[in-house]
file start23.json (JSON, N, CA and C atoms)
[["chain", "number", "residue", "atom", "x", "y", "z"],
["I", 16, "ASP", "N", 0.85, -1.18, 0.00],
["I", 16, "ASP", "CA", 0.00, 0.00, 0.00],
["I", 16, "ASP", "C", 0.89, 1.23, 0.00],
["I", 17, "MET", "N", 0.68, 2.11, -0.98],
["I", 17, "MET", "CA", 1.54, 3.28, -1.15],
["I", 17, "MET", "C", 1.45, 4.25, 0.02],
["I", 18, "GLN", "N", 0.28, 4.41, 0.62],
["I", 18, "GLN", "CA", 0.15, 5.32, 1.75],
["I", 18, "GLN", "C", 1.02, 4.85, 2.93],
["I", 19, "ALA", "N", 1.10, 3.54, 3.14],
["I", 19, "ALA", "CA", 1.95, 3.00, 4.21],
["I", 19, "ALA", "C", 3.42, 3.29, 3.91],
["I", 20, "LYS", "N", 3.82, 3.19, 2.65],
["I", 20, "LYS", "CA", 5.20, 3.51, 2.28],
["I", 20, "LYS", "C", 5.50, 4.98, 2.52],
["I", 21, "ILE", "N", 4.55, 5.83, 2.22],
["I", 21, "ILE", "CA", 4.74, 7.26, 2.43],
["I", 21, "ILE", "C", 4.90, 7.55, 3.92],
["I", 22, "ARG", "N", 4.04, 6.96, 4.73],
["I", 22, "ARG", "CA", 4.14, 7.16, 6.18],
["I", 22, "ARG", "C", 5.48, 6.62, 6.69],
["I", 23, "GLY", "N", 5.92, 5.48, 6.17],
["I", 23, "GLY", "CA", 7.21, 4.91, 6.57],
["I", 23, "GLY", "C", 8.36, 5.82, 6.21],
["I", 24, "ALA", "N", 8.30, 6.41, 5.02],
["I", 24, "ALA", "CA", 9.35, 7.35, 4.61],
["I", 24, "ALA", "C", 9.37, 8.57, 5.50],
["I", 25, "MET", "N", 8.21, 9.03, 5.92],
["I", 25, "MET", "CA", 8.13, 10.18, 6.81],
["I", 25, "MET", "C", 8.79, 9.86, 8.15],
["I", 26, "GLN", "N", 8.66, 8.63, 8.60],
["I", 26, "GLN", "CA", 9.23, 8.23, 9.88],
["I", 26, "GLN", "C", 10.75, 8.08, 9.80],
["I", 27, "MET", "N", 11.27, 7.81, 8.59],
["I", 27, "MET", "CA", 12.70, 7.56, 8.44],
["I", 27, "MET", "C", 13.51, 8.83, 8.23],
["I", 28, "THR", "N", 12.87, 9.97, 8.06],
["I", 28, "THR", "CA", 13.63, 11.19, 7.81],
["I", 28, "THR", "C", 14.52, 11.51, 9.00],
["I", 29, "GLY", "N", 15.69, 12.04, 8.70],
["I", 29, "GLY", "CA", 16.67, 12.33, 9.75],
["I", 29, "GLY", "C", 16.17, 13.26, 10.83],
["I", 30, "LYS", "N", 15.63, 14.41, 10.47],
["I", 30, "LYS", "CA", 15.16, 15.38, 11.44],
["I", 30, "LYS", "C", 13.70, 15.16, 11.79],
["I", 31, "GLY", "N", 13.03, 14.38, 11.01],
["I", 31, "GLY", "CA", 11.59, 14.22, 11.19],
["I", 31, "GLY", "C", 10.87, 15.32, 10.45],
["I", 32, "PRO", "N", 9.59, 15.14, 10.24],
["I", 32, "PRO", "CA", 8.83, 16.15, 9.49],
["I", 32, "PRO", "C", 8.65, 17.42, 10.31],
["I", 33, "THR", "N", 8.20, 18.45, 9.65],
["I", 33, "THR", "CA", 8.00, 19.73, 10.32],
["I", 33, "THR", "C", 6.62, 19.85, 10.93],
["I", 34, "PHE", "N", 5.91, 18.74, 11.01],
["I", 34, "PHE", "CA", 4.58, 18.71, 11.61],
["I", 34, "PHE", "C", 4.53, 17.56, 12.61],
["I", 35, "PRO", "N", 3.63, 17.62, 13.57],
["I", 35, "PRO", "CA", 3.56, 16.60, 14.62],
["I", 35, "PRO", "C", 3.25, 15.20, 14.06],
["I", 36, "VAL", "N", 3.77, 14.21, 14.73],
["I", 36, "VAL", "CA", 3.56, 12.81, 14.36],
["I", 36, "VAL", "C", 2.08, 12.50, 14.20],
["I", 37, "GLU", "N", 1.26, 13.09, 15.02],
["I", 37, "GLU", "CA", -0.18, 12.85, 14.96],
["I", 37, "GLU", "C", -0.79, 13.25, 13.62],
["I", 38, "GLN", "N", -0.12, 14.11, 12.88],
["I", 38, "GLN", "CA", -0.64, 14.59, 11.60],
["I", 38, "GLN", "C", -0.06, 13.84, 10.40],
["I", 39, "TRP", "N", 0.83, 12.86, 10.62],
["I", 39, "TRP", "CA", 1.46, 12.15, 9.51],
["I", 39, "TRP", "C", 0.44, 11.52, 8.57],
["I", 40, "ALA", "N", -0.53, 10.81, 9.12],
["I", 40, "ALA", "CA", -1.52, 10.13, 8.29],
["I", 40, "ALA", "C", -2.30, 11.13, 7.45],
["I", 41, "GLU", "N", -2.65, 12.25, 8.06],
["I", 41, "GLU", "CA", -3.39, 13.28, 7.33],
["I", 41, "GLU", "C", -2.57, 13.82, 6.16],
["I", 42, "HIS", "N", -1.31, 14.11, 6.41],
["I", 42, "HIS", "CA", -0.44, 14.64, 5.35],
["I", 42, "HIS", "C", -0.18, 13.58, 4.28],
["I", 43, "ALA", "N", 0.06, 12.36, 4.68],
["I", 43, "ALA", "CA", 0.31, 11.28, 3.72],
["I", 43, "ALA", "C", -0.91, 11.05, 2.84],
["I", 44, "SER", "N", -2.09, 11.23, 3.38],
["I", 44, "SER", "CA", -3.31, 11.00, 2.60],
["I", 44, "SER", "C", -3.50, 12.05, 1.50],
["I", 45, "ARG", "N", -2.79, 13.17, 1.61],
["I", 45, "ARG", "CA", -2.89, 14.22, 0.59],
["I", 45, "ARG", "C", -2.06, 13.90, -0.65],
["I", 46, "VAL", "N", -1.13, 12.96, -0.53],
["I", 46, "VAL", "CA", -0.29, 12.58, -1.67],
["I", 46, "VAL", "C", -1.11, 11.67, -2.57],
["I", 47, "LYS", "N", -1.16, 12.02, -3.84],
["I", 47, "LYS", "CA", -1.91, 11.23, -4.82],
["I", 47, "LYS", "C", -0.94, 10.35, -5.60],
["I", 48, "VAL", "N", -1.27, 9.09, -5.75],
["I", 48, "VAL", "CA", -0.45, 8.14, -6.48],
["I", 48, "VAL", "C", -1.24, 7.61, -7.66],
["I", 49, "PHE", "N", -0.66, 7.67, -8.84],
["I", 49, "PHE", "CA", -1.32, 7.21, -10.06],
["I", 49, "PHE", "C", -0.41, 6.25, -10.81],
["I", 50, "ASP", "N", -1.02, 5.39, -11.61],
["I", 50, "ASP", "CA", -0.24, 4.53, -12.50],
["I", 50, "ASP", "C", -0.51, 4.88, -13.96],
["I", 51, "ASP", "N", -1.18, 6.00, -14.19],
["I", 51, "ASP", "CA", -1.50, 6.47, -15.53],
["I", 51, "ASP", "C", -1.12, 7.95, -15.61],
["I", 52, "LEU", "N", -0.13, 8.27, -16.45],
["I", 52, "LEU", "CA", 0.40, 9.62, -16.52],
["I", 52, "LEU", "C", -0.65, 10.64, -16.96],
["I", 53, "ALA", "N", -1.50, 10.28, -17.90],
["I", 53, "ALA", "CA", -2.53, 11.22, -18.37],
["I", 53, "ALA", "C", -3.49, 11.57, -17.23],
["I", 54, "ARG", "N", -3.92, 10.57, -16.49],
["I", 54, "ARG", "CA", -4.82, 10.81, -15.35],
["I", 54, "ARG", "C", -4.12, 11.60, -14.25],
["I", 55, "ALA", "N", -2.86, 11.28, -14.02],
["I", 55, "ALA", "CA", -2.10, 11.93, -12.95],
["I", 55, "ALA", "C", -1.90, 13.41, -13.20],
["I", 56, "THR", "N", -1.76, 13.80, -14.45],
["I", 56, "THR", "CA", -1.45, 15.19, -14.76],
["I", 56, "THR", "C", -2.67, 16.01, -15.18],
["I", 57, "SER", "N", -3.81, 15.38, -15.38],
["I", 57, "SER", "CA", -4.96, 16.07, -15.97],
["I", 57, "SER", "C", -5.39, 17.32, -15.19],
["I", 58, "GLY", "N", -5.34, 17.30, -13.89],
["I", 58, "GLY", "CA", -5.74, 18.47, -13.11],
["I", 58, "GLY", "C", -4.62, 19.02, -12.26],
["I", 59, "ALA", "N", -3.40, 18.68, -12.62],
["I", 59, "ALA", "CA", -2.25, 19.05, -11.78],
["I", 59, "ALA", "C", -1.88, 20.52, -11.91],
["I", 60, "ASP", "N", -1.48, 21.08, -10.79],
["I", 60, "ASP", "CA", -0.89, 22.41, -10.77],
["I", 60, "ASP", "C", 0.63, 22.30, -10.68],
["I", 61, "LEU", "N", 1.10, 21.18, -10.11],
["I", 61, "LEU", "CA", 2.53, 20.93, -9.92],
["I", 61, "LEU", "C", 2.79, 19.46, -10.19],
["I", 62, "VAL", "N", 3.80, 19.18, -11.02],
["I", 62, "VAL", "CA", 4.21, 17.80, -11.30],
["I", 62, "VAL", "C", 5.70, 17.71, -10.99],
["I", 63, "ILE", "N", 6.08, 16.80, -10.10],
["I", 63, "ILE", "CA", 7.48, 16.61, -9.73],
["I", 63, "ILE", "C", 7.89, 15.22, -10.18],
["I", 64, "GLU", "N", 8.84, 15.16, -11.11],
["I", 64, "GLU", "CA", 9.31, 13.85, -11.57],
["I", 64, "GLU", "C", 10.39, 13.34, -10.63],
["I", 65, "SER", "N", 10.49, 12.03, -10.56],
["I", 65, "SER", "CA", 11.51, 11.40, -9.73],
["I", 65, "SER", "C", 11.94, 10.09, -10.39],
["I", 66, "VAL", "N", 12.38, 10.19, -11.64],
["I", 66, "VAL", "CA", 12.85, 9.02, -12.37],
["I", 66, "VAL", "C", 14.36, 8.92, -12.22],
["I", 67, "PRO", "N", 14.95, 7.77, -12.60],
["I", 67, "PRO", "CA", 16.41, 7.62, -12.50],
["I", 67, "PRO", "C", 17.17, 8.73, -13.23],
["I", 68, "GLU", "N", 18.37, 8.99, -12.78],
["I", 68, "GLU", "CA", 19.21, 10.04, -13.33],
["I", 68, "GLU", "C", 19.79, 9.61, -14.68],
["I", 69, "VAL", "N", 18.91, 9.41, -15.63],
["I", 69, "VAL", "CA", 19.29, 9.04, -17.00],
["I", 69, "VAL", "C", 18.72, 10.13, -17.91],
["I", 70, "LEU", "N", 19.60, 10.85, -18.58],
["I", 70, "LEU", "CA", 19.20, 12.03, -19.34],
["I", 70, "LEU", "C", 18.08, 11.73, -20.33],
["I", 71, "GLU", "N", 18.20, 10.68, -21.11],
["I", 71, "GLU", "CA", 17.18, 10.38, -22.12],
["I", 71, "GLU", "C", 15.84, 10.04, -21.48],
["I", 72, "THR", "N", 15.85, 9.37, -20.34],
["I", 72, "THR", "CA", 14.62, 9.06, -19.61],
["I", 72, "THR", "C", 13.93, 10.35, -19.18],
["I", 73, "LYS", "N", 14.71, 11.27, -18.61],
["I", 73, "LYS", "CA", 14.13, 12.55, -18.17],
["I", 73, "LYS", "C", 13.60, 13.34, -19.35],
["I", 74, "ARG", "N", 14.33, 13.37, -20.46],
["I", 74, "ARG", "CA", 13.88, 14.12, -21.64],
["I", 74, "ARG", "C", 12.56, 13.57, -22.16],
["I", 75, "LYS", "N", 12.46, 12.27, -22.26],
["I", 75, "LYS", "CA", 11.22, 11.65, -22.75],
["I", 75, "LYS", "C", 10.07, 11.96, -21.81],
["I", 76, "LEU", "N", 10.31, 11.87, -20.51],
["I", 76, "LEU", "CA", 9.26, 12.14, -19.54],
["I", 76, "LEU", "C", 8.80, 13.59, -19.61],
["I", 77, "PHE", "N", 9.74, 14.53, -19.68],
["I", 77, "PHE", "CA", 9.34, 15.94, -19.75],
["I", 77, "PHE", "C", 8.58, 16.24, -21.03],
["I", 78, "ALA", "N", 8.94, 15.60, -22.13],
["I", 78, "ALA", "CA", 8.19, 15.80, -23.38],
["I", 78, "ALA", "C", 6.76, 15.32, -23.20],
["I", 79, "GLU", "N", 6.59, 14.18, -22.56],
["I", 79, "GLU", "CA", 5.25, 13.63, -22.30],
["I", 79, "GLU", "C", 4.48, 14.51, -21.32],
["I", 80, "LEU", "N", 5.14, 14.96, -20.27],
["I", 80, "LEU", "CA", 4.49, 15.83, -19.30],
["I", 80, "LEU", "C", 4.07, 17.15, -19.94],
["I", 81, "ASP", "N", 4.89, 17.68, -20.80],
["I", 81, "ASP", "CA", 4.57, 18.93, -21.49],
["I", 81, "ASP", "C", 3.32, 18.77, -22.35],
["I", 82, "ARG", "N", 3.18, 17.58, -22.93],
["I", 82, "ARG", "CA", 2.01, 17.30, -23.77],
["I", 82, "ARG", "C", 0.75, 17.07, -22.94],
["I", 83, "LEU", "N", 0.88, 16.42, -21.79],
["I", 83, "LEU", "CA", -0.29, 15.99, -21.01],
["I", 83, "LEU", "C", -0.74, 16.97, -19.93],
["I", 84, "ALA", "N", 0.19, 17.64, -19.29],
["I", 84, "ALA", "CA", -0.16, 18.50, -18.15],
["I", 84, "ALA", "C", -0.83, 19.78, -18.63],
["I", 85, "PRO", "N", -1.68, 20.37, -17.79],
["I", 85, "PRO", "CA", -2.29, 21.65, -18.15],
["I", 85, "PRO", "C", -1.22, 22.71, -18.41],
["I", 86, "ALA", "N", -1.54, 23.67, -19.24],
["I", 86, "ALA", "CA", -0.58, 24.71, -19.61],
["I", 86, "ALA", "C", -0.05, 25.47, -18.40],
["I", 87, "HIS", "N", -0.87, 25.62, -17.35],
["I", 87, "HIS", "CA", -0.45, 26.37, -16.17],
["I", 87, "HIS", "C", 0.40, 25.56, -15.20],
["I", 88, "ALA", "N", 0.48, 24.25, -15.41],
["I", 88, "ALA", "CA", 1.18, 23.37, -14.46],
["I", 88, "ALA", "C", 2.69, 23.66, -14.43],
["I", 89, "ILE", "N", 3.24, 23.60, -13.24],
["I", 89, "ILE", "CA", 4.68, 23.73, -13.06],
["I", 89, "ILE", "C", 5.27, 22.34, -13.13],
["I", 90, "LEU", "N", 6.26, 22.14, -14.00],
["I", 90, "LEU", "CA", 6.95, 20.87, -14.13],
["I", 90, "LEU", "C", 8.28, 21.00, -13.42],
["I", 91, "ALA", "N", 8.52, 20.12, -12.45],
["I", 91, "ALA", "CA", 9.73, 20.19, -11.64],
["I", 91, "ALA", "C", 10.45, 18.85, -11.64],
["I", 92, "SER", "N", 11.72, 18.89, -11.28],
["I", 92, "SER", "CA", 12.52, 17.68, -11.23],
["I", 92, "SER", "C", 13.04, 17.45, -9.83],
["I", 93, "ASN", "N", 13.17, 16.20, -9.47],
["I", 93, "ASN", "CA", 13.72, 15.81, -8.18],
["I", 93, "ASN", "C", 15.18, 15.36, -8.36],
["I", 94, "SER", "N", 15.81, 15.84, -9.41],
["I", 94, "SER", "CA", 17.18, 15.44, -9.74],
["I", 94, "SER", "C", 18.17, 16.00, -8.74],
["I", 95, "SER", "N", 19.11, 15.19, -8.34],
["I", 95, "SER", "CA", 20.12, 15.65, -7.39],
["I", 95, "SER", "C", 21.47, 15.88, -8.07],
["I", 96, "SER", "N", 21.63, 15.36, -9.28],
["I", 96, "SER", "CA", 22.95, 15.46, -9.92],
["I", 96, "SER", "C", 22.91, 16.03, -11.32],
["I", 97, "MET", "N", 21.73, 16.37, -11.82],
["I", 97, "MET", "CA", 21.61, 16.82, -13.20],
["I", 97, "MET", "C", 20.84, 18.13, -13.25],
["I", 98, "PRO", "N", 21.44, 19.18, -13.82],
["I", 98, "PRO", "CA", 20.71, 20.45, -13.94],
["I", 98, "PRO", "C", 19.47, 20.27, -14.82],
["I", 99, "ILE", "N", 18.36, 20.87, -14.43],
["I", 99, "ILE", "CA", 17.11, 20.73, -15.18],
["I", 99, "ILE", "C", 17.27, 21.22, -16.60],
["I", 100, "SER", "N", 18.08, 22.24, -16.81],
["I", 100, "SER", "CA", 18.27, 22.77, -18.16],
["I", 100, "SER", "C", 18.84, 21.72, -19.10],
["I", 101, "ARG", "N", 19.58, 20.78, -18.59],
["I", 101, "ARG", "CA", 20.12, 19.69, -19.41],
["I", 101, "ARG", "C", 19.01, 18.75, -19.88],
["I", 102, "SER", "N", 18.02, 18.56, -19.06],
["I", 102, "SER", "CA", 16.91, 17.67, -19.41],
["I", 102, "SER", "C", 16.02, 18.28, -20.48],
["I", 103, "LEU", "N", 16.04, 19.59, -20.60],
["I", 103, "LEU", "CA", 15.11, 20.27, -21.50],
["I", 103, "LEU", "C", 15.70, 20.55, -22.88],
["I", 104, "ARG", "N", 16.97, 20.29, -23.08],
["I", 104, "ARG", "CA", 17.60, 20.57, -24.38],
["I", 104, "ARG", "C", 17.17, 19.60, -25.44]]

call {"tool": "encode", "arguments": {"input": "start23.json", "output": "structure tokens"}}
result
Amino acid sequence: DMQAKIRGAMQMTGKGPTFPVEQWAEHASRVKVFDDLARATSGADLVIESVPEVLETKRKLFAELDRLAPAHAILASNSSSMPISRSLR
């Protein structure tokens, strides 16, 4: 169950979340998980990708997100080693 994984990840953070433990379930329930990109992006205001650090993978995903997400949506990357500008070239 994805919600259980989210709660588990919240518990494993080094400093802990910035909200009380009693609110973890509430915050975790706000995270939406989809297995269909078109459905996931249809009403999105913010889309954060978190795919492997492979340039071609990121480029393909951003092209698809650009096509599917609403025009106003912010497309962001969770990349730790690759500048976003490299993914967009």

call {"tool": "atom_distance", "arguments": {"input": "start23.json", "atom1": "atom N of Ala84 of chain I", "atom2": "atom CA of Glu64 of chain I"}}
result
12.5 Å

call {"tool": "atom_distance", "arguments": {"input": "start23.json", "atom1": "atom N of Thr56 of chain I", "atom2": "atom C of Val36 of chain I"}}
result
28.9 Å

call {"tool": "atom_distance", "arguments": {"input": "start23.json", "atom1": "atom CA of Ala91 of chain I", "atom2": "atom CA of Lys20 of chain I"}}
result
22.2 Å

call {"tool": "closest_residue", "arguments": {"input": "start23.json", "among": "I:His87, I:Glu68, I:Ile21, I:Ala55", "to": "Ala43 of chain I", "atoms": "only N, CA and C atoms"}}
result
I:Ile21

call {"tool": "axis_aligned_box", "arguments": {"input": "start23.json", "around": "segment 75-92 of chain I", "padding_each_side": "8 Å", "output": "AutoDock Vina command-line options"}}
result
--center_x 5.4 --center_y 19.0 --center_z -16.8 --size_x 31.3 --size_y 30.7 --size_z 29.9

call {"tool": "closest_residue", "arguments": {"input": "start23.json", "among": "I:Ser95, I:Leu83, I:Val69, I:Glu37", "to": "Leu52 of chain I", "atoms": "only C-alpha atoms"}}
result
I:Leu83

call {"tool": "closest_residue", "arguments": {"input": "start23.json", "among": "I:Ala53, I:Ala19, I:Ile63, I:Ala86", "to": "Glu41 of chain I", "atoms": "only C-alpha atoms"}}
result
I:Ala19

call {"tool": "closest_residue", "arguments": {"input": "start23.json", "among": "I:Ala59, I:Arg74, I:Ser65, I:Met17", "to": "Ser92 of chain I", "atoms": "only C-alpha atoms"}}
result
I:Ser65

call {"tool": "residues_around", "arguments": {"input": "start23.json", "residues": "Asp51 of chain I", "least_positions_apart": "6", "cutoff": "12 Å", "atoms": "only C-alpha atoms", "output": "ChimeraX atom specification"}}
result
/I:57,79-80,83

call {"tool": "closest_residue", "arguments": {"input": "start23.json", "among": "I:Glu71, I:Gly58, I:Ala24, I:Val66", "to": "Pro85 of chain I", "atoms": "only C-alpha atoms"}}
result
I:Gly58

call {"tool": "build_atoms", "arguments": {"input": "start23.json", "residues": "segment 68-81 of chain I", "atoms": "N, CA, C and O atoms", "output": "mmCIF file, in the coordinates of the input"}}
result
data_model
loop_
_atom_site.group_PDB
_atom_site.id
_atom_site.type_symbol
_atom_site.label_atom_id
_atom_site.label_comp_id
_atom_site.auth_asym_id
_atom_site.auth_seq_id
_atom_site.Cartn_x
_atom_site.Cartn_y
_atom_site.Cartn_z
ATOM 1 N N GLU I 68 18.370 8.990 -12.780
ATOM 2 C CA GLU I 68 19.210 10.040 -13.330
ATOM 3 C C GLU I 68 19.790 9.610 -14.680
ATOM 4 O O GLU I 68 21.003 9.477 -14.843
ATOM 5 N N VAL I 69 18.910 9.410 -15.630
ATOM 6 C CA VAL I 69 19.290 9.040 -17.000
ATOM 7 C C VAL I 69 18.720 10.130 -17.910
ATOM 8 O O VAL I 69 17.499 10.300 -17.987
ATOM 9 N N LEU I 70 19.600 10.850 -18.580
ATOM 10 C CA LEU I 70 19.200 12.030 -19.340
ATOM 11 C C LEU I 70 18.080 11.730 -20.330
ATOM 12 O O LEU I 70 17.079 12.447 -20.383
ATOM 13 N N GLU I 71 18.200 10.680 -21.110
ATOM 14 C CA GLU I 71 17.180 10.380 -22.120
ATOM 15 C C GLU I 71 15.840 10.040 -21.480
ATOM 16 O O GLU I 71 14.782 10.419 -21.987
ATOM 17 N N THR I 72 15.850 9.370 -20.340
ATOM 18 C CA THR I 72 14.620 9.060 -19.610
ATOM 19 C C THR I 72 13.930 10.350 -19.180
ATOM 20 O O THR I 72 12.721 10.514 -19.344
ATOM 21 N N LYS I 73 14.710 11.270 -18.610
ATOM 22 C CA LYS I 73 14.130 12.550 -18.170
ATOM 23 C C LYS I 73 13.600 13.340 -19.350
ATOM 24 O O LYS I 73 12.528 13.931 -19.278
ATOM 25 N N ARG I 74 14.330 13.370 -20.460
ATOM 26 C CA ARG I 74 13.880 14.120 -21.640
ATOM 27 C C ARG I 74 12.560 13.570 -22.160
ATOM 28 O O ARG I 74 11.641 14.329 -22.482
ATOM 29 N N LYS I 75 12.460 12.270 -22.260
ATOM 30 C CA LYS I 75 11.220 11.650 -22.750
ATOM 31 C C LYS I 75 10.070 11.960 -21.810
ATOM 32 O O LYS I 75 8.955 12.271 -22.247
ATOM 33 N N LEU I 76 10.310 11.870 -20.510
ATOM 34 C CA LEU I 76 9.260 12.140 -19.540
ATOM 35 C C LEU I 76 8.800 13.590 -19.610
ATOM 36 O O LEU I 76 7.599 13.865 -19.622
ATOM 37 N N PHE I 77 9.740 14.530 -19.680
ATOM 38 C CA PHE I 77 9.340 15.940 -19.750
ATOM 39 C C PHE I 77 8.580 16.240 -21.030
ATOM 40 O O PHE I 77 7.642 17.048 -21.021
ATOM 41 N N ALA I 78 8.940 15.600 -22.130
ATOM 42 C CA ALA I 78 8.190 15.800 -23.380
ATOM 43 C C ALA I 78 6.760 15.320 -23.200
ATOM 44 O O ALA I 78 5.804 15.978 -23.625
ATOM 45 N N GLU I 79 6.590 14.180 -22.560
ATOM 46 C CA GLU I 79 5.250 13.630 -22.300
ATOM 47 C C GLU I 79 4.480 14.510 -21.320
ATOM 48 O O GLU I 79 3.299 14.776 -21.510
ATOM 49 N N LEU I 80 5.140 14.960 -20.270
ATOM 50 C CA LEU I 80 4.490 15.830 -19.300
ATOM 51 C C LEU I 80 4.070 17.150 -19.940
ATOM 52 O O LEU I 80 2.979 17.655 -19.669
ATOM 53 N N ASP I 81 4.890 17.680 -20.800
ATOM 54 C CA ASP I 81 4.570 18.930 -21.490
ATOM 55 C C ASP I 81 3.320 18.770 -22.350
ATOM 56 O O ASP I 81 2.503 19.662 -22.450
#
